[in-house]
Amino acid sequence: MDIRQACSPTETKSFGTKELRDNYLMEGLFKTAEVTMVYSHLDRTIVAGAVPTDAPLDLIAVDQLKSENFLDRREMGIINIGGPGSVEADGVVYEMSGSECLYLPMGTKDVSFASEEASTPAKFYFISTPAHHRYETRLLTQEDANHVHLGSQADANVRTILQYIHPDVCDSCQLVMGVTKIAEGSVWNTMPCHTHDRRSEVYLYFGMAEKTRVFHFMGDPEETRHLVVANEQAILSPGWSIHSGAGTGAYGFIWSMAGDNKEFTDMDFVAMETLR
Ligand SMILES: O=C(O)C(=O)C[C@H](O)C(=O)CO
Ligand SMILES: [Zn+2]
């Protein structure tokens, strides 16, 4: 398991491209017939991909967790970005096409991932964070999600945020999760940018053509850096860091947060004049 230690803003300032990518970028999350996980010390978030083909893939309690089952002390949000598939949780099968988000609570014992067709495999992206209470299992559809419309054509940032695991939609201990869809012709996400020192965030960029790249901006607002991100790669964003991007073509992203406070709108916006 790839383990990412937390880096301070001070050490991040001195990073070159390789160190920035090694610490903050996650490539290769979607390997055929494998479950691939990254354990980040940012709010102990596990970022993972599962790509089942002919046979289902089981969620194994990795040694790092020292628990009998993966979700004994954790909760999880799952979104499928590939072909049709299903998740089986404690004997119940949840069909997942691409527009749903499955919330699995602490205490769920057996979890497995399956594809409908091995030739068009499902690609399950999941985020798991520590939990202290068992809430309800929920399969959330796009209709269940809160839809937030933001941005303007003049600012090249028209986008819709679908909030799935969010206090108004689905109970969770600390996980908040959803999808942001960028309108055709718009390029910017999360601009004007913000920080939220109370919680860290993870972005998975997806739905991109092979040669499209997102320039993802990160770092202390007065010492910004960037990561060049390709399709189906994810970034870690510490609470002190801005997180915002501009794409060279169409893209969307799955965001998730964990830490103190689940209020989505509790952001510390950065004045444009202070960005460096
Ligand atoms: O485009 C946006 O704006 C977002 O998607 C915002 C992120 O979800 C975020 O940073 C929430 O804190
Ligand atoms: Zn944010």
# chains A, B, ... in the order shown; residues from 1 in each chain; ligands from 1
call {"tool": "closest_atom_pairs", "arguments": {"of": "stretch 131-192 of chain A", "to": "stretch 68-80 of chain A", "cutoff": "8 Å", "atoms": "only C-alpha atoms", "output": "Markdown table"}}
result
| residue | atom | partner | partner_atom | distance |
| --- | --- | --- | --- | --- |
| A:Ala131 | CA | A:Arg74 | CA | 4.6 |
| A:His132 | CA | A:Arg73 | CA | 6.6 |
| A:Ile165 | CA | A:Gly77 | CA | 7.6 |
| A:Ser172 | CA | A:Glu75 | CA | 7.7 |
| A:Cys173 | CA | A:Glu75 | CA | 7.7 |
| A:Leu175 | CA | A:Glu75 | CA | 7.6 |
| A:Met177 | CA | A:Gly77 | CA | 7.1 |
call {"tool": "residues_near_ligand", "arguments": {"ligand": "ligand 1", "cutoff": "10 Å", "atoms": "only C-alpha atoms and all ligand atoms", "output": "PDB file with C-alpha atoms, in the first residue's frame"}}
result
ATOM      1  CA  VAL A 148     -25.422  23.623  -7.073  1.00  0.00           C
ATOM      2  CA  HIS A 149     -24.965  25.744 -10.212  1.00  0.00           C
ATOM      3  CA  LEU A 150     -21.953  28.053 -10.142  1.00  0.00           C
ATOM      4  CA  GLY A 151     -19.842  30.288 -12.379  1.00  0.00           C
ATOM      5  CA  ASN A 157     -16.125  28.539 -15.007  1.00  0.00           C
ATOM      6  CA  VAL A 158     -19.747  27.416 -15.521  1.00  0.00           C
ATOM      7  CA  ARG A 159     -20.152  24.208 -13.525  1.00  0.00           C
ATOM      8  CA  THR A 160     -22.615  22.099 -11.581  1.00  0.00           C
ATOM      9  CA  ILE A 161     -21.694  20.554  -8.257  1.00  0.00           C
ATOM     10  CA  LEU A 162     -23.556  17.361  -7.345  1.00  0.00           C
ATOM     11  CA  GLN A 163     -23.377  16.920  -3.582  1.00  0.00           C
ATOM     12  CA  VAL A 176     -18.385  14.616   2.316  1.00  0.00           C
ATOM     13  CA  MET A 177     -18.300  13.640  -1.373  1.00  0.00           C
ATOM     14  CA  GLY A 178     -19.629  14.608  -4.774  1.00  0.00           C
ATOM     15  CA  VAL A 179     -18.956  15.334  -8.427  1.00  0.00           C
ATOM     16  CA  THR A 180     -18.314  18.611 -10.241  1.00  0.00           C
ATOM     17  CA  LYS A 181     -19.284  18.766 -13.925  1.00  0.00           C
ATOM     18  CA  ILE A 182     -17.699  21.522 -15.995  1.00  0.00           C
ATOM     19  CA  TRP A 188     -11.909  26.546 -14.550  1.00  0.00           C
ATOM     20  CA  ASN A 189     -12.917  24.694 -11.427  1.00  0.00           C
ATOM     21  CA  THR A 190     -12.968  26.149  -7.938  1.00  0.00           C
ATOM     22  CA  MET A 191     -11.903  29.631  -9.007  1.00  0.00           C
ATOM     23  CA  PRO A 192     -11.972  32.011  -7.118  1.00  0.00           C
ATOM     24  CA  CYS A 193     -10.085  29.558  -4.950  1.00  0.00           C
ATOM     25  CA  HIS A 194     -10.245  28.811  -1.234  1.00  0.00           C
ATOM     26  CA  THR A 195      -8.677  26.875   1.604  1.00  0.00           C
ATOM     27  CA  HIS A 196     -10.345  25.141   4.596  1.00  0.00           C
ATOM     28  CA  ARG A 199     -10.410  19.573   6.493  1.00  0.00           C
ATOM     29  CA  SER A 200      -8.379  18.093   3.679  1.00  0.00           C
ATOM     30  CA  GLU A 201      -9.704  17.341   0.216  1.00  0.00           C
ATOM     31  CA  VAL A 202      -9.062  14.850  -2.608  1.00  0.00           C
ATOM     32  CA  TYR A 203      -9.861  15.443  -6.297  1.00  0.00           C
ATOM     33  CA  SER A 237      -5.063  18.731  -0.976  1.00  0.00           C
ATOM     34  CA  GLY A 239      -6.290  22.023   4.529  1.00  0.00           C
ATOM     35  CA  ILE A 242      -5.617  26.051  -2.426  1.00  0.00           C
ATOM     36  CA  HIS A 243      -7.119  23.521  -4.866  1.00  0.00           C
ATOM     37  CA  SER A 244      -8.255  24.716  -8.248  1.00  0.00           C
ATOM     38  CA  GLY A 245      -7.650  23.759 -11.847  1.00  0.00           C
ATOM     39  CA  GLY A 252     -15.007  16.555 -14.526  1.00  0.00           C
ATOM     40  CA  PHE A 253     -13.848  15.647 -11.050  1.00  0.00           C
ATOM     41  CA  ILE A 254     -14.912  13.807  -7.938  1.00  0.00           C
ATOM     42  CA  TRP A 255     -14.127  15.721  -4.745  1.00  0.00           C
ATOM     43  CA  SER A 256     -14.210  14.462  -1.210  1.00  0.00           C
ATOM     44  CA  MET A 257     -13.364  15.957   2.157  1.00  0.00           C
ATOM     45  CA  LYS A 262     -19.012  19.045   7.155  1.00  0.00           C
ATOM     46  CA  GLU A 263     -20.357  22.468   6.058  1.00  0.00           C
ATOM     47  CA  PHE A 264     -19.619  22.591   2.336  1.00  0.00           C
ATOM     48  CA  THR A 265     -19.837  26.398   2.225  1.00  0.00           C
ATOM     49  CA  ASP A 266     -17.421  26.914   5.117  1.00  0.00           C
ATOM     50  CA  MET A 267     -14.509  28.014   2.913  1.00  0.00           C
ATOM     51  CA  ASP A 268     -11.874  30.677   3.423  1.00  0.00           C
TER      52      ASP A 268
END
call {"tool": "residues_around", "arguments": {"residues": "stretch 121-129 of chain A", "least_positions_apart": "5", "cutoff": "8 Å", "atoms": "only C-alpha atoms", "output": "ChimeraX atom specification"}}
result
/A:30,43-53,74-85,113-116,174-175,256,258
call {"tool": "residues_around", "arguments": {"residues": "A:Arg134", "least_positions_apart": "5", "cutoff": "8 Å", "atoms": "only C-alpha atoms", "output": "list of chain:residue names"}}
result
A:Pro105, A:Met106, A:Gly107
call {"tool": "write_last_selection", "arguments": {"atoms": "N, CA and C atoms", "output": "JSON list (two decimals), in the first residue's frame"}}
result
[["chain", "number", "residue", "atom", "x", "y", "z"],
["A", 105, "PRO", "N", -21.55, 2.46, 5.56],
["A", 105, "PRO", "CA", -21.21, 2.92, 6.90],
["A", 105, "PRO", "C", -20.20, 2.02, 7.60],
["A", 106, "MET", "N", -19.67, 2.54, 8.70],
["A", 106, "MET", "CA", -18.83, 1.76, 9.61],
["A", 106, "MET", "C", -19.59, 0.48, 10.00],
["A", 107, "GLY", "N", -18.90, -0.61, 10.09],
["A", 107, "GLY", "CA", -19.53, -1.87, 10.51],
["A", 107, "GLY", "C", -19.96, -2.75, 9.36]]
call {"tool": "select_by_dssp", "arguments": {"residues": "stretch 39-263 of chain A", "states": "strand (DSSP E or B)", "output": "ChimeraX atom specification"}}
result
/A:39-40,46-51,57-58,74-80,85-89,92-96,101-104,111-115,124-130,138-140,146-150,159-165,176-182,188-189,194-195,199-206,214-219,225-229,233-237,242-247,252-259
call {"tool": "closest_residue", "arguments": {"among": "A:Val229, A:Cys170, A:Val111, A:Val187", "to": "A:Gly91", "atoms": "only C-alpha atoms"}}
result
A:Val111
call {"tool": "atom_distance", "arguments": {"atom1": "atom CA of A:Glu222", "atom2": "atom CA of A:Leu25"}}
result
20.8 Å
call {"tool": "atom_distance", "arguments": {"atom1": "atom CA of A:Tyr251", "atom2": "atom CA of A:Ser186"}}
result
9.7 Å
call {"tool": "closest_residue", "arguments": {"among": "A:Arg225, A:Leu236, A:Ala55, A:Met272", "to": "A:Ala33", "atoms": "only C-alpha atoms"}}
result
A:Ala55
call {"tool": "closest_residue", "arguments": {"among": "A:Leu29, A:Val93, A:Val87, A:Leu20", "to": "A:Met1", "atoms": "only C-alpha atoms"}}
result
A:Leu29
call {"tool": "closest_residue", "arguments": {"among": "A:Ala6, A:Ala230, A:Asp197, A:Thr108", "to": "A:Asn261", "atoms": "only C-alpha atoms"}}
result
A:Asp197
